[in-house]
Amino acid sequence: MSTRWLHWLATSGFLIALVAGGCEQEEILKDPEARLSFSKDTVSFDTIFTSIGSTTRQLKVYNRYNKTLRISEIRLAGGESSPFRINIDGISSFRQNNVEILPKDSLYIFVQVTIDPKNSNAPVLVHDSILFTTNGSVQDVDLVAWGQDMHLILADTIHASTEWPADKPYLVRYYLIVDSAQTLTIEPGTRIYMHRDAVIEVRGTLRAQGTLDQPVRIQGDRLEEDYKDIPGQWLALAFSPSSTGNLLEYTDIRNGVVLQIGRLEDPRSVPVTLRNCQIFNMSFAGIYAFGASITAENLVVADAGTLLLGLFRGGTHRFYHCTLVNKGVMFYNRSAPSVILSNYFTDQNKKEYAGDMTQASFGNCIIWGNYENELAFAFKPSSGAANYHFKNCLLRLDPSKLPVTDTMHFDSVWYSTAPLFRDADQWNFIPDSSSFSNNKGSLFIASQVPQDIRGKNRLADGKPDLGAFEWIPGDTARRKSSRR
């Protein structure tokens, strides 16, 4: 046999040996004491609305050994009747057999839950577990969720005056319209959750009647902790030109796009009163108004993607003891001052809409933020009246760019020293004991709003503070509607 063939056989034998070796399966660890490791011992969900599926949670299962582990069975303890669903490495089933994890490797299990209505006003706990059987040993990971029944509003119109009790939350899936000449009254403690792009349009009257201890809340329907600070989760609370007699008391609005009052092309003035309200974390604007008539007392508007308060095409406005603070919001780079007053508005087609600014009075207010100028005016003599007045206000502005020496428009305003709050990052705007805003308020204005947003007496020492919150020595209480 020639050396050429010997060489070929030798090489072939070597390749065969390699192939045979490559086909050998990893050795299976059969020790009954072997244990899986898990990324968590409990997969928990925040409150889930019944009949509405949850978001997905994940569980990671680890093999810490140098040999392959074969899991003879992975299953939901509740079987097919479980409200939970699992997906094991891409396969959806309540049970899988003979799942192998290679040495020092892992697999993912994805978990979801859908909870049937429980005919209960209070949240109801549901639970199950995932069971893992390996070499005869059983391990488990708990699954826990709270199910909440709700009033589901899909795409509804209120054709007769209605009261919403606070027995269960309301979930607006698409839209809710309060028809003209009709009134929606919302009782204290009512929670309204808005789905993505959902809108409440008020053509008639909205009366949200929260209290200090039981505020009305309007927010997105994503209740997971990861979403508590995400703006733009729902579209709008909008007051149409036909709307009248609107009153929001102790109402907290957060994580939407905009609260809009009036409509650009309609000259009617829409009246809205906001007392002891808070508007947080809106992706576009806190309040966006066209020729409206707004009365605001003890109002807090904080953090928006563009502006906190836009008063366009004039109107009649009265803001007393308001705290307007803008540090911006997640995912949005704002390019406008926090507060804009104007007697006109030019649309994208360069068409101009004008209206008299009959009154824009700000008293004992704080307007602050992380811009050099958080206040701007856009007035044209040809567009109508431009009546505005700031009295005893702390304003973030550069006096070289926006002079405040005109006593017709500015009376006792400050602009050089930032207010100190307890914790503005957590929307706690109670002034610190050494805040510049303390004792700077007009007693005459304070006498018209004698209690702060927490019901504290701001007249007791005869020296009211600026903004919605009065500093009280030794008092640490705050509104229940904190950032968390």
# chains A, B, ... in the order shown; residues from 1 in each chain; ligands from 1
$ residues_around --residues "range 69-72 of chain A" --least-positions-apart "5" --cutoff "12 Å" --atoms "only C-alpha atoms" --output "ChimeraX atom specification"
/A:26-37,61-64,95-107,131-139
$ write_last_selection --atoms "C-alpha atoms" --output "PDB file, in the first residue's frame"
ATOM      1  CA  GLU A  26     -22.845  15.700  27.496  1.00  0.00           C
ATOM      2  CA  GLU A  27     -22.855  13.624  30.638  1.00  0.00           C
ATOM      3  CA  ILE A  28     -26.112  13.937  32.590  1.00  0.00           C
ATOM      4  CA  LEU A  29     -25.867  14.742  36.290  1.00  0.00           C
ATOM      5  CA  LYS A  30     -28.058  12.197  38.098  1.00  0.00           C
ATOM      6  CA  ASP A  31     -27.343  13.187  41.692  1.00  0.00           C
ATOM      7  CA  PRO A  32     -30.690  13.482  43.574  1.00  0.00           C
ATOM      8  CA  GLU A  33     -29.113  16.254  45.678  1.00  0.00           C
ATOM      9  CA  ALA A  34     -28.511  18.449  42.615  1.00  0.00           C
ATOM     10  CA  ARG A  35     -30.487  21.659  42.724  1.00  0.00           C
ATOM     11  CA  LEU A  36     -31.507  24.294  40.195  1.00  0.00           C
ATOM     12  CA  SER A  37     -30.938  27.948  40.926  1.00  0.00           C
ATOM     13  CA  VAL A  61     -33.327  28.990  35.682  1.00  0.00           C
ATOM     14  CA  TYR A  62     -29.642  28.193  36.187  1.00  0.00           C
ATOM     15  CA  ASN A  63     -27.557  25.024  36.061  1.00  0.00           C
ATOM     16  CA  ARG A  64     -24.512  25.807  38.240  1.00  0.00           C
ATOM     17  CA  ARG A  95     -46.160  21.503  31.251  1.00  0.00           C
ATOM     18  CA  GLN A  96     -42.972  20.319  29.550  1.00  0.00           C
ATOM     19  CA  ASN A  97     -40.928  17.157  30.061  1.00  0.00           C
ATOM     20  CA  ASN A  98     -37.226  16.366  29.774  1.00  0.00           C
ATOM     21  CA  VAL A  99     -35.878  19.880  29.521  1.00  0.00           C
ATOM     22  CA  GLU A 100     -32.073  19.909  29.592  1.00  0.00           C
ATOM     23  CA  ILE A 101     -29.795  22.718  30.718  1.00  0.00           C
ATOM     24  CA  LEU A 102     -26.168  22.417  29.623  1.00  0.00           C
ATOM     25  CA  PRO A 103     -23.337  22.885  32.125  1.00  0.00           C
ATOM     26  CA  LYS A 104     -23.097  26.446  33.478  1.00  0.00           C
ATOM     27  CA  ASP A 105     -26.031  27.439  31.287  1.00  0.00           C
ATOM     28  CA  SER A 106     -29.575  28.672  31.871  1.00  0.00           C
ATOM     29  CA  LEU A 107     -33.037  28.859  30.353  1.00  0.00           C
ATOM     30  CA  LEU A 131     -42.862  22.984  39.882  1.00  0.00           C
ATOM     31  CA  PHE A 132     -39.480  21.652  38.748  1.00  0.00           C
ATOM     32  CA  THR A 133     -38.689  17.922  39.119  1.00  0.00           C
ATOM     33  CA  THR A 134     -35.007  17.019  38.761  1.00  0.00           C
ATOM     34  CA  ASN A 135     -33.674  13.557  39.604  1.00  0.00           C
ATOM     35  CA  GLY A 136     -36.735  12.943  41.750  1.00  0.00           C
ATOM     36  CA  SER A 137     -36.367  16.192  43.724  1.00  0.00           C
ATOM     37  CA  VAL A 138     -39.029  18.892  43.445  1.00  0.00           C
ATOM     38  CA  GLN A 139     -38.423  22.630  43.631  1.00  0.00           C
TER      39      GLN A 139
END
$ residues_around --residues "range 252-268 of chain A" --least-positions-apart "4" --cutoff "7 Å" --atoms "only C-alpha atoms" --output "PDB file with C-alpha atoms, in the first residue's frame"
ATOM      1  CA  PRO A 215     -58.390  62.507  45.995  1.00  0.00           C
ATOM      2  CA  VAL A 216     -59.613  61.599  42.536  1.00  0.00           C
ATOM      3  CA  ARG A 217     -56.791  60.153  40.456  1.00  0.00           C
ATOM      4  CA  ILE A 218     -56.412  59.976  36.669  1.00  0.00           C
ATOM      5  CA  GLN A 219     -53.365  58.114  35.353  1.00  0.00           C
ATOM      6  CA  GLY A 220     -52.147  55.434  32.954  1.00  0.00           C
ATOM      7  CA  ILE A 230     -43.094  57.174  32.364  1.00  0.00           C
ATOM      8  CA  PRO A 231     -44.876  60.159  30.720  1.00  0.00           C
ATOM      9  CA  GLY A 232     -47.237  59.979  27.756  1.00  0.00           C
ATOM     10  CA  GLN A 233     -49.007  56.746  28.743  1.00  0.00           C
ATOM     11  CA  TRP A 234     -52.413  58.133  27.704  1.00  0.00           C
ATOM     12  CA  LEU A 235     -53.499  60.949  25.448  1.00  0.00           C
ATOM     13  CA  ALA A 236     -55.715  63.668  26.883  1.00  0.00           C
ATOM     14  CA  LEU A 237     -58.286  65.072  29.233  1.00  0.00           C
ATOM     15  CA  ALA A 238     -59.907  67.607  26.887  1.00  0.00           C
ATOM     16  CA  PHE A 239     -62.540  70.263  27.606  1.00  0.00           C
ATOM     17  CA  SER A 240     -64.349  71.102  24.365  1.00  0.00           C
ATOM     18  CA  PRO A 241     -65.702  74.579  23.495  1.00  0.00           C
ATOM     19  CA  CYS A 277     -55.096  69.719  42.195  1.00  0.00           C
ATOM     20  CA  GLN A 278     -51.792  68.234  41.059  1.00  0.00           C
ATOM     21  CA  ILE A 279     -50.701  67.568  37.478  1.00  0.00           C
ATOM     22  CA  PHE A 280     -47.488  65.603  37.108  1.00  0.00           C
ATOM     23  CA  ASN A 281     -45.220  64.160  34.428  1.00  0.00           C
ATOM     24  CA  MET A 282     -47.083  65.016  31.211  1.00  0.00           C
ATOM     25  CA  SER A 283     -45.171  64.352  28.007  1.00  0.00           C
ATOM     26  CA  PHE A 284     -46.378  67.530  26.252  1.00  0.00           C
ATOM     27  CA  ALA A 285     -48.097  70.044  28.550  1.00  0.00           C
ATOM     28  CA  GLY A 286     -49.669  70.254  31.963  1.00  0.00           C
ATOM     29  CA  ILE A 287     -52.371  72.701  30.825  1.00  0.00           C
ATOM     30  CA  TYR A 288     -52.740  73.807  27.205  1.00  0.00           C
ATOM     31  CA  ALA A 289     -55.507  76.394  26.844  1.00  0.00           C
ATOM     32  CA  PHE A 290     -57.058  78.474  24.062  1.00  0.00           C
ATOM     33  CA  GLY A 291     -59.085  81.503  25.127  1.00  0.00           C
ATOM     34  CA  ALA A 292     -60.122  79.689  28.284  1.00  0.00           C
TER      35      ALA A 292
END
$ residues_around --residues "range 111-122 of chain A" --least-positions-apart "3" --cutoff "6 Å" --atoms "only C-alpha atoms" --output "ChimeraX atom specification"
/A:50-51,53-54,56-58,83-86,149,167-168
$ closest_residue --among "A:Thr405, A:Gln209, A:Asn428, A:Thr251" --to "Thr323 in chain A" --atoms "only C-alpha atoms"
A:Asn428
$ residues_around --residues "Ile367 in chain A" --least-positions-apart "3" --cutoff "7 Å" --atoms "only C-alpha atoms" --output "list in words"
Thr323, Leu324, Val325, Glu374, Leu394, Leu395 and Arg396 of chain A
$ write_last_selection --atoms "N, CA and C atoms" --output "PDB file, in the first residue's frame"
ATOM      1  N   THR A 323     -47.855  76.294  42.477  1.00  0.00           N
ATOM      2  CA  THR A 323     -46.461  75.882  42.365  1.00  0.00           C
ATOM      3  C   THR A 323     -46.273  75.232  41.003  1.00  0.00           C
ATOM      4  N   LEU A 324     -45.477  75.880  40.145  1.00  0.00           N
ATOM      5  CA  LEU A 324     -45.231  75.400  38.787  1.00  0.00           C
ATOM      6  C   LEU A 324     -43.723  75.188  38.643  1.00  0.00           C
ATOM      7  N   VAL A 325     -43.304  73.936  38.611  1.00  0.00           N
ATOM      8  CA  VAL A 325     -41.876  73.604  38.607  1.00  0.00           C
ATOM      9  C   VAL A 325     -41.606  72.578  37.521  1.00  0.00           C
ATOM     10  N   GLU A 374     -38.107  80.739  32.609  1.00  0.00           N
ATOM     11  CA  GLU A 374     -39.255  79.822  32.633  1.00  0.00           C
ATOM     12  C   GLU A 374     -40.580  80.557  32.415  1.00  0.00           C
ATOM     13  N   LEU A 394     -42.346  84.269  42.920  1.00  0.00           N
ATOM     14  CA  LEU A 394     -40.953  83.897  42.707  1.00  0.00           C
ATOM     15  C   LEU A 394     -40.856  83.296  41.313  1.00  0.00           C
ATOM     16  N   LEU A 395     -40.078  83.960  40.448  1.00  0.00           N
ATOM     17  CA  LEU A 395     -40.035  83.604  39.029  1.00  0.00           C
ATOM     18  C   LEU A 395     -38.617  83.241  38.607  1.00  0.00           C
ATOM     19  N   ARG A 396     -38.484  82.200  37.826  1.00  0.00           N
ATOM     20  CA  ARG A 396     -37.170  81.879  37.262  1.00  0.00           C
ATOM     21  C   ARG A 396     -37.050  82.621  35.927  1.00  0.00           C
TER      22      ARG A 396
END
$ closest_residue --among "A:Leu375, A:Ala302, A:Ala181, A:Ala468" --to "Gln426 in chain A" --atoms "only C-alpha atoms"
A:Ala302
$ closest_atom_pairs --of "range 187-293 of chain A" --to "range 447-455 of chain A" --cutoff "9 Å" --atoms "only C-alpha atoms" --output "tab-separated table"
residue	atom	partner	partner_atom	distance
A:Leu212	CA	A:Arg454	CA	6.6
A:Tyr250	CA	A:Ile453	CA	8.3
A:Arg275	CA	A:Ile453	CA	8.2
A:Asn276	CA	A:Ile453	CA	5.0
A:Cys277	CA	A:Ile453	CA	7.9
$ write_last_selection --atoms "N, CA and C atoms" --output "PDB file, in the first residue's frame"
ATOM      1  N   LEU A 212     -59.210  65.883  50.512  1.00  0.00           N
ATOM      2  CA  LEU A 212     -57.813  65.757  50.930  1.00  0.00           C
ATOM      3  C   LEU A 212     -57.442  64.307  51.185  1.00  0.00           C
ATOM      4  N   TYR A 250     -59.185  68.521  44.451  1.00  0.00           N
ATOM      5  CA  TYR A 250     -58.352  67.417  44.933  1.00  0.00           C
ATOM      6  C   TYR A 250     -58.316  66.300  43.891  1.00  0.00           C
ATOM      7  N   ARG A 275     -59.001  73.365  42.051  1.00  0.00           N
ATOM      8  CA  ARG A 275     -58.650  73.660  43.440  1.00  0.00           C
ATOM      9  C   ARG A 275     -57.952  72.453  44.056  1.00  0.00           C
ATOM     10  N   ASN A 276     -56.786  72.707  44.632  1.00  0.00           N
ATOM     11  CA  ASN A 276     -56.040  71.657  45.334  1.00  0.00           C
ATOM     12  C   ASN A 276     -55.749  70.465  44.413  1.00  0.00           C
ATOM     13  N   CYS A 277     -55.375  70.764  43.182  1.00  0.00           N
ATOM     14  CA  CYS A 277     -55.096  69.719  42.195  1.00  0.00           C
ATOM     15  C   CYS A 277     -53.599  69.622  41.928  1.00  0.00           C
TER      16      CYS A 277
END
$ residues_around --residues "Asn364 in chain A" --least-positions-apart "2" --cutoff "8 Å" --atoms "only C-alpha atoms" --output "MDAnalysis selection string"
chainID A and resid 320:322 362 366 391:394 440:442 445:446 465:467
$ write_last_selection --atoms "C-alpha atoms" --output "mmCIF file, in the first residue's frame"
data_model
loop_
_atom_site.group_PDB
_atom_site.id
_atom_site.type_symbol
_atom_site.label_atom_id
_atom_site.label_comp_id
_atom_site.auth_asym_id
_atom_site.auth_seq_id
_atom_site.Cartn_x
_atom_site.Cartn_y
_atom_site.Cartn_z
ATOM 1 C CA TYR A 320 -53.367 82.000 43.276
ATOM 2 C CA HIS A 321 -50.900 80.041 45.429
ATOM 3 C CA CYS A 322 -49.729 77.811 42.600
ATOM 4 C CA PHE A 362 -50.740 85.317 39.265
ATOM 5 C CA ILE A 366 -43.766 79.979 42.273
ATOM 6 C CA LYS A 391 -47.903 89.911 42.472
ATOM 7 C CA ASN A 392 -45.677 88.394 45.164
ATOM 8 C CA CYS A 393 -44.283 85.692 42.903
ATOM 9 C CA LEU A 394 -40.953 83.897 42.707
ATOM 10 C CA LYS A 440 -43.113 86.249 51.023
ATOM 11 C CA GLY A 441 -46.830 86.018 50.221
ATOM 12 C CA SER A 442 -49.399 88.761 50.071
ATOM 13 C CA ILE A 445 -54.211 87.116 48.358
ATOM 14 C CA ALA A 446 -53.700 84.454 51.024
ATOM 15 C CA ASP A 465 -45.624 81.439 52.007
ATOM 16 C CA LEU A 466 -45.535 81.358 48.229
ATOM 17 C CA GLY A 467 -46.845 78.373 46.345
#
$ residues_around --residues "Tyr174 in chain A" --least-positions-apart "4" --cutoff "10 Å" --atoms "only C-alpha atoms" --output "list in words"
Ile153, Leu154, Ala155, Asp156, Met194, His195, Arg196, Asp197, Ala198, Val199, Ile200, Trp234 and Leu235 of chain A
$ write_last_selection --atoms "C-alpha atoms" --output "compact mmCIF listing (two decimals), in the first residue's frame"
# COMPACT_ATOMS: atom_id res chain seq x y z
CA ILE A 153 -65.16 51.96 29.53
CA LEU A 154 -64.44 50.96 25.95
CA ALA A 155 -65.70 53.73 23.64
CA ASP A 156 -68.61 55.26 25.51
CA MET A 194 -56.34 55.38 31.01
CA HIS A 195 -55.11 52.95 28.37
CA ARG A 196 -52.59 53.95 25.73
CA ASP A 197 -53.95 56.82 23.54
CA ALA A 198 -57.17 56.97 25.62
CA VAL A 199 -59.09 60.28 25.81
CA ILE A 200 -61.72 61.78 28.07
CA TRP A 234 -52.41 58.13 27.70
CA LEU A 235 -53.50 60.95 25.45
$ closest_residue --among "A:Ala424, A:Val202, A:Ile48, A:Leu309" --to "Glu224 in chain A" --atoms "only C-alpha atoms"
A:Ile48
$ select_by_dssp --residues "range 70-272 of chain A" --states "helix (DSSP H, G or I)" --output "ChimeraX atom specification"
/A:79-81,225-227
$ closest_atom_pairs --of "range 393-417 of chain A" --to "range 342-361 of chain A" --cutoff "12 Å" --atoms "only C-alpha atoms" --output "JSON lines"
{"residue": "A:Cys393", "atom": "CA", "partner": "A:Ser361", "partner_atom": "CA", "distance": 10.8}
{"residue": "A:Met408", "atom": "CA", "partner": "A:Ser361", "partner_atom": "CA", "distance": 11.7}
{"residue": "A:His409", "atom": "CA", "partner": "A:Ser361", "partner_atom": "CA", "distance": 9.3}
{"residue": "A:Phe410", "atom": "CA", "partner": "A:Ser361", "partner_atom": "CA", "distance": 10.2}
{"residue": "A:Asp411", "atom": "CA", "partner": "A:Ser361", "partner_atom": "CA", "distance": 11.2}
$ write_last_selection --atoms "C-alpha atoms" --output "PDB file, in the first residue's frame"
ATOM      1  CA  CYS A 393     -44.283  85.692  42.903  1.00  0.00           C
ATOM      2  CA  MET A 408     -48.169  97.706  35.961  1.00  0.00           C
ATOM      3  CA  HIS A 409     -47.379  94.032  35.350  1.00  0.00           C
ATOM      4  CA  PHE A 410     -44.998  93.080  38.172  1.00  0.00           C
ATOM      5  CA  ASP A 411     -45.489  93.885  41.851  1.00  0.00           C
TER       6      ASP A 411
END
$ atom_distance --atom1 "CA of Ala376 in chain A" --atom2 "CA of Asn439 in chain A"
26.1 Å
